[in-house]
Each structure stands twice: as C-alpha cells, then as structure tokens.
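query_39.cif (mmCIF, C-alpha atoms) appears below.
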data_coords
#
loop_
_atom_site.label_atom_id
_atom_site.label_comp_id
_atom_site.auth_asym_id
_atom_site.auth_seq_id
_atom_site.Cartn_x
_atom_site.Cartn_y
_atom_site.Cartn_z
CA MET D 1 -18.17 -28.34 41.44
CA SER D 2 -18.53 -26.13 38.36
CA GLN D 3 -17.69 -26.50 34.71
CA ILE D 4 -14.85 -24.65 33.05
CA PHE D 5 -14.01 -24.69 29.38
CA ARG D 6 -10.94 -25.13 27.26
CA SER D 7 -10.77 -23.70 23.75
CA LEU D 8 -10.21 -26.19 20.93
CA PRO D 9 -9.64 -25.71 17.16
CA ASN D 10 -12.55 -24.75 14.89
CA ASN D 11 -14.26 -22.68 17.58
CA GLN D 12 -15.16 -25.74 19.68
CA TYR D 13 -15.06 -25.90 23.47
CA GLU D 14 -14.44 -28.82 25.78
CA ALA D 15 -16.07 -28.91 29.20
CA ALA D 16 -14.02 -29.98 32.20
CA ILE D 17 -14.87 -30.24 35.88
CA ASN D 18 -13.21 -27.86 38.30
CA ALA D 19 -13.52 -29.43 41.75
CA ASN D 20 -12.26 -26.30 43.55
CA ALA D 21 -14.69 -23.75 42.10
CA PRO D 22 -17.97 -22.97 43.90
CA SER D 23 -21.15 -23.80 42.01
CA ALA D 24 -24.10 -22.85 44.22
CA SER D 25 -24.75 -19.48 42.55
CA ASN D 26 -23.37 -20.13 39.04
CA PRO D 27 -25.38 -22.06 36.46
CA PHE D 28 -23.52 -24.38 34.13
CA LEU D 29 -22.82 -23.37 30.56
CA THR D 30 -22.74 -26.04 27.92
CA ALA D 31 -20.33 -26.17 25.00
CA THR D 32 -23.30 -25.33 22.75
CA ASP D 33 -23.93 -22.12 24.72
CA LEU D 34 -20.39 -21.00 23.96
CA GLN D 35 -20.50 -21.48 20.19
CA VAL D 36 -19.67 -18.32 18.28
CA SER D 37 -22.00 -17.76 15.33
CA ALA D 38 -19.95 -15.29 13.31
CA TYR D 39 -16.21 -14.70 13.07
CA ALA D 40 -13.60 -13.86 10.46
CA SER D 41 -9.90 -13.20 10.11
CA TYR D 42 -8.30 -11.44 7.14
CA TYR D 43 -4.78 -10.17 6.43
CA THR D 44 -2.57 -8.80 3.66
CA ASN D 45 -0.20 -10.96 1.68
CA PRO D 46 3.14 -10.35 3.44
CA SER D 47 5.03 -10.53 0.14
CA GLY D 48 2.76 -7.93 -1.47
CA PRO D 49 3.41 -4.22 -1.97
CA ASN D 50 3.29 -1.67 0.83
CA LEU D 51 0.08 0.34 1.13
CA ILE D 52 0.07 4.14 0.88
CA SER D 53 -2.82 6.53 1.43
CA PRO D 54 -2.63 9.95 -0.27
CA ALA D 55 -2.42 12.91 2.13
CA ALA D 56 -5.66 13.50 4.03
CA THR D 57 -7.54 11.03 1.79
CA PRO D 58 -9.44 8.37 3.76
CA THR D 59 -8.61 4.94 2.32
CA LYS D 60 -9.94 1.48 3.19
CA MET D 61 -7.35 -0.90 4.63
CA PHE D 62 -6.55 -3.70 2.19
CA PHE D 63 -6.64 -7.38 3.26
CA ASN D 64 -6.48 -9.93 0.46
CA ILE D 65 -5.98 -13.18 2.37
CA LEU D 66 -8.90 -14.94 4.02
CA ASP D 67 -7.74 -16.92 7.05
CA PHE D 68 -11.25 -18.09 7.99
CA GLU D 69 -14.74 -16.71 7.72
CA GLN D 70 -18.21 -17.63 9.01
CA GLY D 71 -21.08 -15.15 8.90
CA PHE D 72 -19.23 -12.63 6.70
CA THR D 73 -18.57 -12.21 3.00
CA LEU D 74 -15.28 -10.64 1.90
CA ASP D 75 -15.60 -8.32 -1.09
CA THR D 76 -13.24 -10.15 -3.45
CA GLY D 77 -13.44 -7.34 -5.99
CA THR D 78 -11.76 -4.82 -3.71
CA PHE D 79 -10.42 -6.87 -0.76
CA ASN D 80 -11.03 -3.91 1.54
CA GLN D 81 -14.47 -4.48 3.07
CA PHE D 82 -16.81 -7.27 4.12
CA GLU D 83 -20.55 -7.81 4.53
CA VAL D 84 -22.09 -8.98 7.80
CA THR D 85 -24.81 -11.63 7.47
CA ASP D 86 -26.30 -11.48 11.00
CA SER D 87 -27.30 -8.50 13.15
CA GLY D 88 -25.65 -8.09 16.55
CA ILE D 89 -22.86 -6.60 18.62
CA TYR D 90 -19.40 -7.35 17.22
CA THR D 91 -15.85 -6.78 18.33
CA LEU D 92 -13.66 -5.61 15.46
CA GLN D 93 -9.90 -5.79 16.05
CA PHE D 94 -7.08 -4.85 13.76
CA SER D 95 -3.36 -4.40 13.71
CA ALA D 96 -1.37 -2.48 11.13
CA GLN D 97 2.41 -2.34 10.79
CA VAL D 98 3.11 1.30 9.95
CA GLU D 99 6.26 3.11 8.88
CA LYS D 100 7.01 6.80 8.48
CA GLY D 101 8.46 7.77 5.10
CA GLY D 102 10.49 10.90 4.35
CA GLY D 103 9.75 14.45 5.41
CA THR D 104 8.52 15.91 8.66
CA ALA D 105 6.39 14.28 11.35
CA ASP D 106 3.06 12.89 10.19
CA VAL D 107 -0.13 11.90 11.99
CA LEU D 108 -1.91 8.63 11.15
CA TYR D 109 -5.69 8.31 11.68
CA ILE D 110 -7.66 5.04 11.83
CA TRP D 111 -11.41 4.45 12.32
CA PRO D 112 -14.14 1.94 11.39
CA GLU D 113 -16.78 2.62 8.76
CA ILE D 114 -20.20 1.00 8.32
CA ASN D 115 -22.03 1.40 4.99
CA GLY D 116 -19.69 4.20 3.93
CA ASN D 117 -20.26 6.20 7.14
CA PRO D 118 -17.60 6.75 9.81
CA VAL D 119 -18.60 5.28 13.17
CA PRO D 120 -19.05 8.30 15.50
CA ASN D 121 -16.37 8.90 18.14
CA SER D 122 -14.14 6.06 16.88
CA ASN D 123 -11.13 7.80 15.31
CA SER D 124 -7.64 7.44 16.80
CA SER D 125 -4.32 8.99 15.91
CA ILE D 126 -0.64 8.12 16.10
CA THR D 127 2.16 10.63 15.50
CA LEU D 128 5.23 9.29 13.71
CA ALA D 129 8.13 11.72 14.03
CA ASN D 130 11.16 10.21 12.35
CA ASN D 131 11.88 8.86 8.90
CA GLY D 132 11.90 5.06 9.10
CA HIS D 133 10.00 5.02 12.44
CA ARG D 134 7.91 1.84 12.68
CA THR D 135 5.15 0.96 15.09
CA ILE D 136 2.12 -1.26 15.36
CA ALA D 137 -1.27 0.41 15.43
CA ALA D 138 -3.70 -2.03 17.07
CA TRP D 139 -6.99 -1.62 18.86
CA ASN D 140 -10.57 -2.80 18.82
CA TRP D 141 -14.08 -1.44 18.74
CA PHE D 142 -17.45 -2.83 19.81
CA LEU D 143 -19.92 -2.15 17.01
CA ASN D 144 -23.67 -2.58 16.62
CA ILE D 145 -23.93 -4.03 13.09
CA SER D 146 -27.05 -5.03 11.13
CA ALA D 147 -27.39 -7.88 8.66
CA GLY D 148 -26.29 -6.67 5.23
CA ASP D 149 -24.05 -3.89 6.57
CA ILE D 150 -20.71 -3.34 4.86
CA VAL D 151 -17.77 -2.85 7.25
CA ALA D 152 -14.33 -1.38 6.49
CA VAL D 153 -11.38 -0.01 8.47
CA MET D 154 -10.32 3.42 7.20
CA TRP D 155 -6.95 5.14 7.44
CA THR D 156 -5.10 8.21 6.25
CA SER D 157 -2.30 10.51 7.33
CA GLU D 158 -2.10 14.29 7.24
CA LEU D 159 0.91 14.43 4.89
CA GLY D 160 0.68 11.08 3.10
CA SER D 161 4.09 9.90 4.31
CA VAL D 162 2.90 6.90 6.35
CA GLU D 163 2.85 3.42 4.83
CA LEU D 164 1.29 0.14 5.93
CA ILE D 165 4.20 -2.21 5.37
CA ASN D 166 4.48 -5.92 4.71
CA THR D 167 7.67 -7.43 6.08
CA VAL D 168 9.44 -10.75 5.78
CA PRO D 169 11.83 -10.51 8.75
CA LEU D 170 15.08 -12.37 9.32
CA ILE D 171 13.58 -13.93 12.45
CA GLY D 172 10.10 -15.40 12.86
CA PRO D 173 7.13 -15.55 10.49
CA ALA D 174 6.14 -12.92 7.93
CA ILE D 175 4.46 -9.72 9.13
CA PRO D 176 1.33 -8.73 7.20
CA ALA D 177 0.73 -4.98 6.88
CA VAL D 178 -2.86 -5.47 8.10
CA ILE D 179 -4.61 -8.12 10.19
CA ILE D 180 -8.36 -7.78 10.78
CA ASN D 181 -10.44 -10.00 13.08
CA ILE D 182 -14.14 -9.66 13.80
CA GLN D 183 -16.37 -11.72 16.07
CA LYS D 184 -20.01 -11.56 17.08
CA VAL D 185 -20.31 -11.21 20.85
CA SER D 186 -24.06 -10.69 21.28
#
Can you dump the structure from the file as structure tokens?
Amino acid sequence: MSQIFRSLPNNQYEAAINANAPSASNPFLTATDLQVSAYASYYTNPSGPNLISPAATPTKMFFNILDFEQGFTLDTGTFNQFEVTDSGIYTLQFSAQVEKGGGTADVLYIWPEINGNPVPNSNSSITLANNGHRTIAAWNWFLNISAGDIVAVMWTSELGSVELINTVPLIGPAIPAVIINIQKVS
C-alpha cells in the first residue's frame, strides 16, 4: 500500500491509504513534506477602474486586493509588485482580462520582471484585431528568485488601445482585471 494525499484548506494535506497502488519502489511522503513555504494570491478590485498602458510603455500590472500571502510582502504603496522573502524556484501565474479599444489591431505584450529587469526570453504577445474584442491572457513562468527580490508582471501594447478590464457580469462572480498567484516549488 502507498500513501496518497488530499488537499485541504490553508495549505494542509491529509494522508490516506491507497490499497491498490504499489509501494515497493516509492517512499512515503508525509504531510509535513508537502507543506508549501511561500505562496500568495493577489487580484484587482473588480469594481475598480479599467487599466490602460500608454502605447509602447511598459507598465506594471496592478493588483490591490490581497487574497492570501505567506513569504511575500505586497508593496501597498503601489500595489503593483511584491518582495520575496525566501530564495528558491517559484511558479508565477497570472490571468488578465483584456479588451481591445478603438482603432486598428493592436498587439499586447506581457512578461515578468525581477528587480526592475525583464526576465530573459519570457515575453509573450497576443494580437487583438477588433474593437471590443475580449480575451483572457493567462500563463505561468518558473523563476529563480532570491530573498529580497522585487517581482512584477509587466504589460504594454504597441498602440495603447488594449485595456485590462474589471467586469461585474450578469452571471457568476465578478471578474478581476488581473489575478496573480505565486508559489515556491523548490
């Protein structure tokens, strides 16, 4: 028999016995082994204003609501970056609800930044062709981050006609313009 785990609230794990899984070559993990030492989740206030970046001007994504945080410190002066308190490998995920404003097609760019420096080979782009076109930009990066580093997610568009939009839909919960999650993985 081997142990399997079920995720519980507050980053806790509960061990259970799986009678059908082989165990001869797999050592057991304990719930303590699975504890995550650093994690955070931030998002924008869904009833707040939309976010616009001037044309070809890199801008930090704004996230003014702290969902939960351990091992990070949100910059409450700017609400657009956070400090990491422990060195390691992290997975940084984000999603942004984007909408194309007026004019011709525009290209949106998004990349992570550490200590004011773009992370090499991390930029991505999305082309939005039509006025009113909405999409979700969402991906993740694995980053080697040192204690004391300041992390931000940057964005801009070529023509400045792309917005990060907050939405309160007719159906379902509110949609924040930006959601950012980060977790230490090693």
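With distances restricted to all atoms listed in the file, D:Ala40 is the closest residue to Gly71 in chain D from D:Leu170, D:Ala40, D:Ile126, D:Val153.
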Have a look at D:Ser95, D:Ser124, D:Thr104, D:Thr76 and name the one nearest to Ile165 in chain D; count all atoms listed in the file.
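Once distances to Ile165 in chain D are computed over all atoms listed in the file, the minimum belongs to D:Ser95.
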Contacts of Leu164 in chain D within 6 Å, all atoms listed in the file, excl. fewer than 2 positions in-chain, as a PyMOL selection string
chain D and resi 50-51+97-98+177
Please produce a file of the residues just selected, as an mmCIF file, in the coordinates of the input, where the atoms kept are C-alpha atoms.
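New file again14.cif:
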data_model
loop_
_atom_site.group_PDB
_atom_site.id
_atom_site.type_symbol
_atom_site.label_atom_id
_atom_site.label_comp_id
_atom_site.auth_asym_id
_atom_site.auth_seq_id
_atom_site.Cartn_x
_atom_site.Cartn_y
_atom_site.Cartn_z
ATOM 1 C CA ASN D 50 3.290 -1.670 0.830
ATOM 2 C CA LEU D 51 0.080 0.340 1.130
ATOM 3 C CA GLN D 97 2.410 -2.340 10.790
ATOM 4 C CA VAL D 98 3.110 1.300 9.950
ATOM 5 C CA ALA D 177 0.730 -4.980 6.880
#
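With CA of Phe142 in chain D on one side and CA of Thr91 in chain D on the other, the separation reads 4.5 Å.
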Who sits within 6 Å of Ile179 in chain D, only C-alpha atoms, same chain under 6 positions skipped, as a VMD selection string:
chain D and resid 42 to 43 94 to 95
Please evaluate the PyMOL selection byres ((chain D and resi 73) around 10) against the displayed coordinates and give the resulting residues as a count of residues only.
15
Taking 6 positions as the minimum chain separation for residues in the same chain, which residues sit within 8 Å of range 156-163 of chain D when counting only C-alpha atoms? Answer as a CSV table (one decimal) with C-alpha atoms, in the frame of the given file.
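Listed below is the output, result.csv:
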chain,number,residue,atom,x,y,z
D,50,ASN,CA,3.3,-1.7,0.8
D,51,LEU,CA,0.1,0.3,1.1
D,52,ILE,CA,0.1,4.1,0.9
D,53,SER,CA,-2.8,6.5,1.4
D,54,PRO,CA,-2.6,10.0,-0.3
D,55,ALA,CA,-2.4,12.9,2.1
D,56,ALA,CA,-5.7,13.5,4.0
D,57,THR,CA,-7.5,11.0,1.8
D,58,PRO,CA,-9.4,8.4,3.8
D,59,THR,CA,-8.6,4.9,2.3
D,98,VAL,CA,3.1,1.3,10.0
D,99,GLU,CA,6.3,3.1,8.9
D,100,LYS,CA,7.0,6.8,8.5
D,101,GLY,CA,8.5,7.8,5.1
D,102,GLY,CA,10.5,10.9,4.4
D,103,GLY,CA,9.8,14.4,5.4
D,106,ASP,CA,3.1,12.9,10.2
D,107,VAL,CA,-0.1,11.9,12.0
D,108,LEU,CA,-1.9,8.6,11.2
D,109,TYR,CA,-5.7,8.3,11.7
D,110,ILE,CA,-7.7,5.0,11.8
Residue nearest Val151 in chain D - candidates D:Tyr90, D:Gly48, D:Tyr39, D:Pro112, atoms counted: only C-alpha atoms:
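With only C-alpha atoms as the atom set, the closest residue is D:Pro112.
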I'd like the interatomic distance between CA of Ser125 in chain D and CA of Trp139 in chain D, to a tenth of an Å.
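Interatomic distance, CA of Ser125 in chain D to CA of Trp139 in chain D: 11.3 Å.
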Pull the closest atom pair for each residue of range 48-90 of chain D that gets at most 6 Å from range 143-146 of chain D, along with the distance in Å to one decimal, counting all atoms listed in the file, ordering rows by chain and then ascending residue number, as JSON lines.
{"residue": "D:Ser87", "atom": "CA", "partner": "D:Ser146", "partner_atom": "CA", "distance": 4.0}
{"residue": "D:Gly88", "atom": "CA", "partner": "D:Ile145", "partner_atom": "CA", "distance": 5.6}
{"residue": "D:Ile89", "atom": "CA", "partner": "D:Asn144", "partner_atom": "CA", "distance": 4.6}
{"residue": "D:Tyr90", "atom": "CA", "partner": "D:Leu143", "partner_atom": "CA", "distance": 5.2}
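Considering only C-alpha atoms, the residue among D:Asn130, D:Gln93, D:Asp67, D:Phe79 positioned nearest to Ile180 in chain D is D:Gln93.
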Could you check the closest approach to Thr78 in chain D for each of D:Ala152, D:Val119, D:Ile171, D:Ile182 and tell me which residue wins, using only C-alpha atoms?
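The shortest atom-to-atom distance to Thr78 in chain D comes from D:Ala152.
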Ref. answer, residues at most 9 Å from (6.3, -11.2, -0.3) with all atoms listed in the file, as number ranges by chain
D: 45-49, 166-168, 174
So what do you get for CA of Ser37 in chain D versus CA of Asp149 in chain D, distance-wise?
16.5 Å
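Distances to Asn140 in chain D were evaluated for D:Asn64, D:Thr127, D:Gln183, D:Asn115 using all atoms listed in the file, and the minimum falls at D:Gln183.
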Any chance you could work out the axis-aligned box around range 121-140 of chain D, listed atoms only, 3 Å on each side, giving centre and edge lengths in Å to one decimal, as lines of an AutoDock Vina configuration file?
center_x = -2.2
center_y = 4.5
center_z = 13.9
size_x = 34.3
size_y = 20.5
size_z = 16.0
